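Just coords-v2.cif here, mmCIF, C-alpha atoms:
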```cif
data_work
#
loop_
_atom_site.group_PDB
_atom_site.id
_atom_site.type_symbol
_atom_site.label_atom_id
_atom_site.label_comp_id
_atom_site.auth_asym_id
_atom_site.auth_seq_id
_atom_site.Cartn_x
_atom_site.Cartn_y
_atom_site.Cartn_z
ATOM 1 C CA MET Q 1115 -3.857 -11.105 4.158
ATOM 2 C CA ALA Q 1116 -0.716 -11.085 2.059
ATOM 3 C CA VAL Q 1117 1.564 -8.308 3.283
ATOM 4 C CA ALA Q 1118 4.795 -6.850 1.904
ATOM 5 C CA ALA Q 1119 7.692 -7.418 4.287
ATOM 6 C CA ASN Q 1120 8.527 -3.745 4.707
ATOM 7 C CA ALA Q 1121 5.021 -3.043 6.069
ATOM 8 C CA ALA Q 1122 4.726 -6.176 8.210
ATOM 9 C CA GLU Q 1123 5.099 -4.583 11.635
ATOM 10 C CA ALA Q 1124 2.638 -1.825 10.856
ATOM 11 C CA VAL Q 1125 0.078 -4.236 9.410
ATOM 12 C CA GLU Q 1126 0.388 -6.664 12.317
ATOM 13 C CA THR Q 1127 -0.443 -3.786 14.661
ATOM 14 C CA LEU Q 1128 -3.312 -2.726 12.385
ATOM 15 C CA ALA Q 1129 -4.623 -6.293 12.369
ATOM 16 C CA ALA Q 1130 -4.545 -6.490 16.171
ATOM 17 C CA GLU Q 1131 -6.476 -3.203 16.475
ATOM 18 C CA PHE Q 1132 -8.976 -4.333 13.852
ATOM 19 C CA GLU Q 1133 -9.515 -7.635 15.673
ATOM 20 C CA ARG Q 1134 -10.078 -5.763 18.928
ATOM 21 C CA GLU Q 1135 -12.626 -3.419 17.377
ATOM 22 C CA SER Q 1136 -14.448 -5.855 15.095
ATOM 23 C CA GLY Q 1137 -14.184 -9.287 16.659
ATOM 24 C CA HIS Q 1138 -12.939 -10.684 13.327
ATOM 25 C CA ARG Q 1139 -9.787 -12.785 13.137
ATOM 26 C CA VAL Q 1140 -6.954 -11.905 10.783
ATOM 27 C CA THR Q 1141 -4.203 -14.146 9.445
ATOM 28 C CA VAL Q 1142 -1.140 -12.322 8.078
ATOM 29 C CA THR Q 1143 1.315 -13.864 5.607
ATOM 30 C CA VAL Q 1144 4.476 -11.812 5.059
ATOM 31 C CA GLY Q 1145 6.748 -11.912 2.023
ATOM 32 C CA SER Q 1146 8.226 -9.870 -0.779
ATOM 33 C CA THR Q 1147 5.680 -8.158 -3.017
ATOM 34 C CA GLY Q 1148 6.893 -10.049 -6.071
ATOM 35 C CA LYS Q 1149 6.680 -13.459 -4.431
ATOM 36 C CA LEU Q 1150 3.271 -12.796 -2.909
ATOM 37 C CA TYR Q 1151 2.022 -11.584 -6.286
ATOM 38 C CA ALA Q 1152 3.231 -14.829 -7.886
ATOM 39 C CA GLN Q 1153 1.487 -16.874 -5.188
ATOM 40 C CA ILE Q 1154 -1.765 -14.999 -5.779
ATOM 41 C CA LEU Q 1155 -1.514 -15.671 -9.509
ATOM 42 C CA HIS Q 1156 -1.186 -19.363 -8.684
ATOM 43 C CA GLY Q 1157 -4.285 -19.397 -6.494
ATOM 44 C CA ALA Q 1158 -2.969 -18.735 -2.975
ATOM 45 C CA PRO Q 1159 -6.004 -18.234 -0.678
ATOM 46 C CA PHE Q 1160 -5.597 -14.566 0.261
ATOM 47 C CA ASP Q 1161 -8.419 -12.048 0.623
ATOM 48 C CA VAL Q 1162 -6.429 -8.798 0.839
ATOM 49 C CA PHE Q 1163 -3.053 -7.886 -0.655
ATOM 50 C CA LEU Q 1164 -1.002 -5.053 0.854
ATOM 51 C CA ALA Q 1165 1.914 -4.497 -1.511
ATOM 52 C CA ALA Q 1166 5.080 -2.386 -1.453
ATOM 53 C CA ASP Q 1167 4.213 -0.817 -4.792
ATOM 54 C CA GLN Q 1168 1.262 0.140 -6.986
ATOM 55 C CA GLU Q 1169 2.126 -2.009 -9.965
ATOM 56 C CA ARG Q 1170 1.219 -5.474 -8.659
ATOM 57 C CA PRO Q 1171 -2.202 -4.474 -7.273
ATOM 58 C CA ARG Q 1172 -2.937 -2.721 -10.577
ATOM 59 C CA LEU Q 1173 -1.990 -5.834 -12.541
ATOM 60 C CA LEU Q 1174 -4.232 -8.001 -10.355
ATOM 61 C CA VAL Q 1175 -7.168 -5.707 -11.085
ATOM 62 C CA GLU Q 1176 -6.402 -5.800 -14.808
ATOM 63 C CA GLU Q 1177 -6.151 -9.597 -14.735
ATOM 64 C CA GLY Q 1178 -9.538 -9.916 -13.023
ATOM 65 C CA ILE Q 1179 -8.040 -11.431 -9.879
ATOM 66 C CA ALA Q 1180 -8.751 -8.373 -7.708
ATOM 67 C CA VAL Q 1181 -11.946 -6.403 -7.238
ATOM 68 C CA GLU Q 1182 -12.258 -3.495 -9.647
ATOM 69 C CA ASP Q 1183 -12.042 -0.066 -7.980
ATOM 70 C CA SER Q 1184 -10.727 -1.554 -4.729
ATOM 71 C CA GLN Q 1185 -7.102 -0.437 -5.194
ATOM 72 C CA GLN Q 1186 -6.071 2.240 -2.713
ATOM 73 C CA THR Q 1187 -2.863 3.701 -1.279
ATOM 74 C CA TYR Q 1188 -2.615 2.647 2.366
ATOM 75 C CA ALA Q 1189 0.897 4.006 3.012
ATOM 76 C CA ILE Q 1190 3.621 6.104 1.433
ATOM 77 C CA GLY Q 1191 7.147 4.917 2.111
ATOM 78 C CA ARG Q 1192 9.850 7.269 3.301
ATOM 79 C CA LEU Q 1193 13.355 6.784 1.942
ATOM 80 C CA VAL Q 1194 16.339 7.591 4.159
ATOM 81 C CA LEU Q 1195 20.109 7.420 3.855
ATOM 82 C CA TRP Q 1196 21.211 5.577 6.982
ATOM 83 C CA SER Q 1197 24.429 4.844 8.839
ATOM 84 C CA PRO Q 1198 24.402 2.374 11.732
ATOM 85 C CA ASP Q 1199 26.996 4.605 13.440
ATOM 86 C CA PRO Q 1200 25.236 7.435 15.333
ATOM 87 C CA ALA Q 1201 28.446 9.484 15.252
ATOM 88 C CA VAL Q 1202 28.466 9.685 11.454
ATOM 89 C CA PRO Q 1203 26.763 12.802 10.044
ATOM 90 C CA VAL Q 1204 24.502 11.760 7.174
ATOM 91 C CA ASN Q 1205 23.320 14.144 4.460
ATOM 92 C CA ALA Q 1206 23.807 14.891 0.770
ATOM 93 C CA ASP Q 1207 27.392 15.969 1.425
ATOM 94 C CA THR Q 1208 28.126 12.505 2.829
ATOM 95 C CA LEU Q 1209 27.351 11.109 -0.611
ATOM 96 C CA ARG Q 1210 29.267 13.833 -2.444
ATOM 97 C CA ASP Q 1211 32.327 13.298 -0.257
ATOM 98 C CA GLY Q 1212 32.342 9.588 -1.129
ATOM 99 C CA SER Q 1213 34.589 8.567 1.767
ATOM 100 C CA PHE Q 1214 32.936 5.182 2.189
ATOM 101 C CA ARG Q 1215 33.572 1.800 0.627
ATOM 102 C CA ARG Q 1216 30.037 0.560 -0.013
ATOM 103 C CA LEU Q 1217 26.536 1.949 -0.322
ATOM 104 C CA ALA Q 1218 23.670 -0.545 -0.035
ATOM 105 C CA ILE Q 1219 20.448 -0.076 -1.997
ATOM 106 C CA ALA Q 1220 17.598 -2.356 -3.004
ATOM 107 C CA ASN Q 1221 17.730 -3.560 -6.593
ATOM 108 C CA PRO Q 1222 16.277 -0.586 -8.505
ATOM 109 C CA ASP Q 1223 14.934 -2.846 -11.248
ATOM 110 C CA LEU Q 1224 12.892 -4.879 -8.763
ATOM 111 C CA ALA Q 1225 12.174 -2.807 -5.670
ATOM 112 C CA PRO Q 1226 10.450 0.577 -5.354
ATOM 113 C CA TYR Q 1227 12.854 1.767 -2.646
ATOM 114 C CA GLY Q 1228 15.761 0.882 -4.919
ATOM 115 C CA ALA Q 1229 14.216 2.776 -7.804
ATOM 116 C CA ALA Q 1230 13.768 5.788 -5.510
ATOM 117 C CA ALA Q 1231 17.404 5.532 -4.382
ATOM 118 C CA ARG Q 1232 18.598 5.504 -7.989
ATOM 119 C CA GLU Q 1233 16.406 8.491 -8.821
ATOM 120 C CA THR Q 1234 17.837 10.355 -5.819
ATOM 121 C CA LEU Q 1235 21.425 9.708 -6.858
ATOM 122 C CA ARG Q 1236 20.661 10.783 -10.415
ATOM 123 C CA GLU Q 1237 19.021 13.987 -9.212
ATOM 124 C CA LEU Q 1238 22.129 14.698 -7.124
ATOM 125 C CA GLY Q 1239 24.356 13.948 -10.124
ATOM 126 C CA LEU Q 1240 26.057 11.088 -8.290
ATOM 127 C CA TRP Q 1241 24.683 7.891 -9.860
ATOM 128 C CA GLU Q 1242 27.559 7.235 -12.258
ATOM 129 C CA SER Q 1243 30.339 8.231 -9.868
ATOM 130 C CA LEU Q 1244 28.988 6.090 -7.010
ATOM 131 C CA ARG Q 1245 27.986 3.022 -9.032
ATOM 132 C CA PRO Q 1246 31.270 1.178 -8.284
ATOM 133 C CA LYS Q 1247 30.492 1.451 -4.560
ATOM 134 C CA ILE Q 1248 26.872 0.315 -4.755
ATOM 135 C CA VAL Q 1249 25.894 -3.138 -3.500
ATOM 136 C CA LEU Q 1250 22.404 -4.436 -4.228
ATOM 137 C CA GLY Q 1251 19.925 -6.197 -2.001
ATOM 138 C CA GLU Q 1252 16.919 -8.050 -3.386
ATOM 139 C CA ASN Q 1253 14.686 -5.673 -1.431
ATOM 140 C CA VAL Q 1254 14.940 -2.783 1.020
ATOM 141 C CA GLY Q 1255 15.113 -5.188 3.961
ATOM 142 C CA GLN Q 1256 18.277 -6.751 2.549
ATOM 143 C CA ALA Q 1257 19.755 -3.300 1.951
ATOM 144 C CA PHE Q 1258 19.123 -2.493 5.605
ATOM 145 C CA ALA Q 1259 20.726 -5.782 6.685
ATOM 146 C CA MET Q 1260 23.849 -5.047 4.628
ATOM 147 C CA ALA Q 1261 24.317 -1.700 6.341
ATOM 148 C CA ALA Q 1262 23.386 -3.026 9.795
ATOM 149 C CA SER Q 1263 25.936 -5.844 9.512
ATOM 150 C CA GLY Q 1264 28.760 -3.530 8.413
ATOM 151 C CA ASN Q 1265 28.959 -4.948 4.902
ATOM 152 C CA ALA Q 1266 28.144 -1.414 3.759
ATOM 153 C CA GLU Q 1267 28.787 1.774 5.688
ATOM 154 C CA LEU Q 1268 25.671 3.449 4.336
ATOM 155 C CA GLY Q 1269 22.331 2.310 2.991
ATOM 156 C CA PHE Q 1270 19.300 3.751 1.282
ATOM 157 C CA VAL Q 1271 16.604 2.142 3.412
ATOM 158 C CA SER Q 1272 13.066 2.762 4.626
ATOM 159 C CA LEU Q 1273 12.408 4.987 7.607
ATOM 160 C CA ALA Q 1274 10.187 2.172 8.879
ATOM 161 C CA SER Q 1275 13.247 -0.107 9.119
ATOM 162 C CA VAL Q 1276 15.255 2.502 11.009
ATOM 163 C CA LEU Q 1277 12.455 3.140 13.514
ATOM 164 C CA SER Q 1278 11.587 -0.539 13.974
ATOM 165 C CA PRO Q 1279 11.857 -1.655 17.622
ATOM 166 C CA ARG Q 1280 12.554 -5.175 16.373
ATOM 167 C CA HIS Q 1281 15.794 -4.056 14.774
ATOM 168 C CA GLY Q 1282 16.890 -2.161 17.864
ATOM 169 C CA ARG Q 1283 19.348 -0.065 15.851
ATOM 170 C CA GLU Q 1284 20.065 3.599 16.312
ATOM 171 C CA GLY Q 1285 22.529 5.167 13.941
ATOM 172 C CA SER Q 1286 21.970 8.409 12.071
ATOM 173 C CA TYR Q 1287 19.884 9.114 9.020
ATOM 174 C CA TRP Q 1288 18.854 11.731 6.485
ATOM 175 C CA GLU Q 1289 15.263 11.639 5.282
ATOM 176 C CA ILE Q 1290 15.438 12.116 1.518
ATOM 177 C CA PRO Q 1291 13.438 15.137 0.298
ATOM 178 C CA GLU Q 1292 10.507 13.917 -1.761
ATOM 179 C CA HIS Q 1293 11.360 16.177 -4.701
ATOM 180 C CA LEU Q 1294 14.386 13.942 -5.339
ATOM 181 C CA HIS Q 1295 12.366 10.822 -6.160
ATOM 182 C CA THR Q 1296 8.940 9.541 -7.129
ATOM 183 C CA ARG Q 1297 6.689 8.973 -4.130
ATOM 184 C CA ILE Q 1298 6.798 5.379 -2.901
ATOM 185 C CA ARG Q 1299 3.102 4.581 -2.881
ATOM 186 C CA GLN Q 1300 2.145 1.249 -1.335
ATOM 187 C CA ASP Q 1301 -1.256 0.002 -2.443
ATOM 188 C CA SER Q 1302 -3.718 -2.498 -1.133
ATOM 189 C CA VAL Q 1303 -6.398 -4.331 -3.056
ATOM 190 C CA LEU Q 1304 -9.274 -6.688 -2.325
ATOM 191 C CA LEU Q 1305 -8.840 -10.002 -4.099
ATOM 192 C CA ASP Q 1306 -11.734 -11.545 -5.972
ATOM 193 C CA ARG Q 1307 -12.341 -14.288 -3.406
ATOM 194 C CA ALA Q 1308 -13.069 -11.522 -0.842
ATOM 195 C CA ARG Q 1309 -16.347 -10.589 -2.543
ATOM 196 C CA ASP Q 1310 -18.153 -12.885 -0.116
ATOM 197 C CA ASN Q 1311 -15.973 -12.085 2.892
ATOM 198 C CA PRO Q 1312 -17.359 -9.150 4.912
ATOM 199 C CA ALA Q 1313 -14.378 -9.278 7.293
ATOM 200 C CA ALA Q 1314 -11.973 -8.635 4.416
ATOM 201 C CA ARG Q 1315 -14.063 -5.744 3.129
ATOM 202 C CA ASP Q 1316 -14.323 -4.300 6.635
ATOM 203 C CA PHE Q 1317 -10.543 -4.441 7.091
ATOM 204 C CA HIS Q 1318 -9.958 -2.734 3.767
ATOM 205 C CA GLU Q 1319 -12.277 0.081 4.854
ATOM 206 C CA PHE Q 1320 -10.612 0.158 8.288
ATOM 207 C CA LEU Q 1321 -7.333 1.132 6.598
ATOM 208 C CA GLU Q 1322 -8.817 4.574 5.921
ATOM 209 C CA THR Q 1323 -9.984 5.280 9.476
ATOM 210 C CA PRO Q 1324 -8.227 7.805 11.757
ATOM 211 C CA ALA Q 1325 -7.092 4.996 14.075
ATOM 212 C CA ALA Q 1326 -5.457 3.111 11.205
ATOM 213 C CA LEU Q 1327 -3.823 6.247 9.776
ATOM 214 C CA LYS Q 1328 -2.313 7.028 13.174
ATOM 215 C CA ILE Q 1329 -0.826 3.529 13.415
ATOM 216 C CA ILE Q 1330 0.590 3.687 9.880
ATOM 217 C CA GLU Q 1331 2.294 7.013 10.563
ATOM 218 C CA SER Q 1332 3.747 5.758 13.872
ATOM 219 C CA PHE Q 1333 5.719 3.154 11.930
ATOM 220 C CA GLY Q 1334 7.526 5.700 9.761
ATOM 221 C CA PHE Q 1335 5.153 5.878 6.794
ATOM 222 C CA ALA Q 1336 3.115 8.770 5.526
ATOM 223 C CA ALA Q 1337 -0.533 7.763 5.516
ATOM 224 C CA GLY Q 1338 -1.950 7.202 2.048
ATOM 225 C CA ARG Q 1339 -5.518 8.179 3.024
ATOM 226 C CA GLY Q 1340 -6.956 5.947 0.344
ATOM 227 C CA SER Q 1341 -5.643 8.014 -2.577
ATOM 228 C CA ARG Q 1342 -5.487 6.196 -5.896
#
```
Let me see whether you can do it: turn the structure in this file into C-alpha cells.
Amino acid sequence: MAVAANAAEAVETLAAEFERESGHRVTVTVGSTGKLYAQILHGAPFDVFLAADQERPRLLVEEGIAVEDSQQTYAIGRLVLWSPDPAVPVNADTLRDGSFRRLAIANPDLAPYGAAARETLRELGLWESLRPKIVLGENVGQAFAMAASGNAELGFVSLASVLSPRHGREGSYWEIPEHLHTRIRQDSVLLDRARDNPAARDFHEFLETPAALKIIESFGFAAGRGSR
C-alpha cells in the first residue's frame, strides 16, 4: 500500500488489525501524496493508494491506472490551530490579536490542509493581514515541525499530528469549525494491478468495517464511511 504521511500511524494500525483478522500480509510505503502519485504513474508496484486528498485518486481512475468505482473516502482530516505551549490560549481571537511572529501552514497550492488553512483565514477576514507572518511547509507534517521546533509560535496542523503518541507533544489547540473550510476528504483507491489480488480488495473493503472506523477516529480523523 502507498499511504499519505499524515495517515501513516492510523493505516499502520489498520494494517496490523487486518493482518490479525485475515492472515494476509501488508506492506506499507509512506510518503507525500504527490510523490506517491508520481511513483504510481511511473509503475511503482502498489495495490492500494490511500491519499491525503481526493484529486490524485480521481486522476488515477481517469487515467485508467486505478479500478473504476473503487474510489472511496476512508478518512476526513480535522484542521486545528496549534501552539506547542499548553499555557497559550488558542482560538480565533489569537489570530485576530496577531501577537505572534510566525504562523506555519502547509503550502495551500500543494496540500489540502494548507488550502483549508487559507480558506479559514479568508473566512475570518485575516488572510491579507497575516500573510507577512505566514511560513509555508511542503505539507502539514512540515507545518507541524515548524511549530514544534519553535520556528513558528502557531501552526495550522492536523489533529492527528497533535494527538500522535510518536510526537509526544502537548500544547493547546483549537479545532477549526468545519463551516470555515472545505472538508478535507482523504480517499483511497484500488490500483489496476490489484484486480487479481484478493488481499488488496479485502483490505479496501475492511476500511469500511466498524473496527476500521473506530481505529481511524482514534487517530484524530472523522471516519469517511466510504462516501464518494
Subject >> Output check: residues returned by the PyMOL selection byres ((chain Q and resi 1167) around 8), as a PyMOL selection string >> reply: chain Q and resi 1147+1165-1166+1168-1171+1226+1298-1301
**OP:** Report as a list in words the full result of the PyMOL selection byres ((chain Q and resi 1266) around 9) when it is applied to this structure.
**Re:**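 For this structure, the PyMOL selection byres ((chain Q and resi 1266) around 9) resolves to Ser1197, Phe1214, Arg1215, Arg1216, Leu1217, Ala1218, Ile1248, Val1249, Ala1257, Met1260, Ala1261, Ala1262, Ser1263, Gly1264, Asn1265, Glu1267, Leu1268 and Gly1269 of chain Q.
We find CA of Trp1241 (chain Q) and CA of Gly1212 (chain Q) to be spaced 11.7 Å apart.
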**OP:** Would you list the residues near (19.8, -1.7, 2.3), meaning any protein, DNA or RNA residue with an atom at most 8 Å from that point in file coordinates, counting all atoms listed in the file, as a PyMOL selection string?
**Re:** chain Q and resi 1218-1220+1250-1251+1253-1261+1269-1271
Could you dump the residues just selected with C-alpha atoms as a tab-separated table (two decimals), in the coordinates of the input?
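Writing done, so here's again_36.tsv:
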```tsv
chain	number	residue	atom	x	y	z
Q	1218	ALA	CA	23.67	-0.55	-0.04
Q	1219	ILE	CA	20.45	-0.08	-2.00
Q	1220	ALA	CA	17.60	-2.36	-3.00
Q	1250	LEU	CA	22.40	-4.44	-4.23
Q	1251	GLY	CA	19.92	-6.20	-2.00
Q	1253	ASN	CA	14.69	-5.67	-1.43
Q	1254	VAL	CA	14.94	-2.78	1.02
Q	1255	GLY	CA	15.11	-5.19	3.96
Q	1256	GLN	CA	18.28	-6.75	2.55
Q	1257	ALA	CA	19.76	-3.30	1.95
Q	1258	PHE	CA	19.12	-2.49	5.60
Q	1259	ALA	CA	20.73	-5.78	6.68
Q	1260	MET	CA	23.85	-5.05	4.63
Q	1261	ALA	CA	24.32	-1.70	6.34
Q	1269	GLY	CA	22.33	2.31	2.99
Q	1270	PHE	CA	19.30	3.75	1.28
Q	1271	VAL	CA	16.60	2.14	3.41
```
Extending 5 Å beyond the listed atoms of region 1207-1211 of chain Q on each side, what axis-aligned box results? I want centre and edge lengths in Å to one decimal, as lines of an AutoDock Vina configuration file.
```
center_x = 29.8
center_y = 13.5
center_z = 0.2
size_x = 15.0
size_y = 14.9
size_z = 15.3
```
Subject >> Near-Arg1236 (chain Q) list (10 Å; all atoms listed in the file; drop same-chain fewer than 6 positions) as number ranges by chain >> reply: Q: 1230, 1242, 1294-1295
**OP:** Could you jot down the CA of Thr1208 (chain Q) to CA of Ala1121 (chain Q) separation for me, Å, one decimal place?
**Re:**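 Distance between the two atoms: 28.0 Å.
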**OP:** Tell me which residues the PyMOL selection byres ((chain Q and resi 1130-1133) around 12) grabs here, as a PyMOL selection string.
**Re:** chain Q and resi 1123-1129+1134-1142+1313-1323+1325-1330
Subject >> Computed interatomic separation between CA of Pro1222 (chain Q) and CA of Pro1291 (chain Q) (Å) >> reply: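 Taking CA of Pro1222 (chain Q) as the start and CA of Pro1291 (chain Q) as the end point, the length is 18.2 Å.
When only C-alpha atoms are used to compute distances to Leu1235 (chain Q), the closest of the residues Q:Ser1332, Q:Phe1160, Q:Leu1155, Q:Asp1207 turns out to be Q:Asp1207.
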Subject >> Of the listed residues Q:Ser1213, Q:Glu1176, Q:Gly1228, Q:Phe1335, that which approaches Leu1244 (chain Q) most closely, counting only C-alpha atoms >> reply: Q:Ser1213
**OP:** For each of Q:Leu1240, Q:Ala1201, Q:Ala1308, Q:Leu1209, take the minimum atom-to-atom distance to Met1115 (chain Q), counting only C-alpha atoms, then give the residue where this is smallest.
**Re:**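 Nearest to Met1115 (chain Q): Q:Ala1308.
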Original post:
Closest to Phe1163 (chain Q) among Q:Thr1296, Q:Ser1302, Q:Ser1272, Q:Asn1221, using only C-alpha atoms?
Top reply: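 Ranked by minimum distance to Phe1163 (chain Q), first place goes to Q:Ser1302.
Across Q:Glu1284, Q:Glu1292, Q:Asp1211, Q:Asp1199, the tightest approach to Glu1237 (chain Q) is made by Q:Glu1292 when counting all atoms listed in the file.
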Reconstruct N, CA and C atoms of region 1243-1256 of chain Q from the incomplete input and present them as an mmCIF file, keeping the file's coordinate frame.
```cif
data_model
loop_
_atom_site.group_PDB
_atom_site.id
_atom_site.type_symbol
_atom_site.label_atom_id
_atom_site.label_comp_id
_atom_site.auth_asym_id
_atom_site.auth_seq_id
_atom_site.Cartn_x
_atom_site.Cartn_y
_atom_site.Cartn_z
ATOM 1 N N SER Q 1243 29.101 8.218 -10.658
ATOM 2 C CA SER Q 1243 30.339 8.231 -9.868
ATOM 3 C C SER Q 1243 30.295 7.248 -8.701
ATOM 4 N N LEU Q 1244 29.086 6.989 -8.159
ATOM 5 C CA LEU Q 1244 28.988 6.090 -7.010
ATOM 6 C C LEU Q 1244 28.657 4.642 -7.377
ATOM 7 N N ARG Q 1245 28.358 4.392 -8.635
ATOM 8 C CA ARG Q 1245 27.986 3.022 -9.032
ATOM 9 C C ARG Q 1245 29.003 1.966 -8.612
ATOM 10 N N PRO Q 1246 30.316 2.218 -8.706
ATOM 11 C CA PRO Q 1246 31.270 1.178 -8.284
ATOM 12 C C PRO Q 1246 31.171 0.821 -6.797
ATOM 13 N N LYS Q 1247 30.595 1.700 -6.001
ATOM 14 C CA LYS Q 1247 30.492 1.451 -4.560
ATOM 15 C C LYS Q 1247 29.155 0.853 -4.153
ATOM 16 N N ILE Q 1248 28.219 0.768 -5.084
ATOM 17 C CA ILE Q 1248 26.872 0.315 -4.755
ATOM 18 C C ILE Q 1248 26.799 -1.209 -4.697
ATOM 19 N N VAL Q 1249 26.196 -1.704 -3.630
ATOM 20 C CA VAL Q 1249 25.894 -3.138 -3.500
ATOM 21 C C VAL Q 1249 24.381 -3.282 -3.422
ATOM 22 N N LEU Q 1250 23.849 -4.293 -4.090
ATOM 23 C CA LEU Q 1250 22.404 -4.436 -4.228
ATOM 24 C C LEU Q 1250 21.838 -5.528 -3.331
ATOM 25 N N GLY Q 1251 20.724 -5.201 -2.696
ATOM 26 C CA GLY Q 1251 19.925 -6.197 -2.001
ATOM 27 C C GLY Q 1251 18.709 -6.521 -2.846
ATOM 28 N N GLU Q 1252 18.124 -7.677 -2.625
ATOM 29 C CA GLU Q 1252 16.919 -8.050 -3.386
ATOM 30 C C GLU Q 1252 15.780 -7.097 -3.085
ATOM 31 N N ASN Q 1253 15.746 -6.593 -1.847
ATOM 32 C CA ASN Q 1253 14.686 -5.673 -1.431
ATOM 33 C C ASN Q 1253 15.261 -4.709 -0.401
ATOM 34 N N VAL Q 1254 14.437 -3.801 0.090
ATOM 35 C CA VAL Q 1254 14.940 -2.783 1.020
ATOM 36 C C VAL Q 1254 15.340 -3.402 2.356
ATOM 37 N N GLY Q 1255 14.719 -4.507 2.733
ATOM 38 C CA GLY Q 1255 15.113 -5.188 3.961
ATOM 39 C C GLY Q 1255 16.537 -5.715 3.878
ATOM 40 N N GLN Q 1256 16.906 -6.267 2.725
ATOM 41 C CA GLN Q 1256 18.277 -6.751 2.549
ATOM 42 C C GLN Q 1256 19.269 -5.595 2.525
#
```
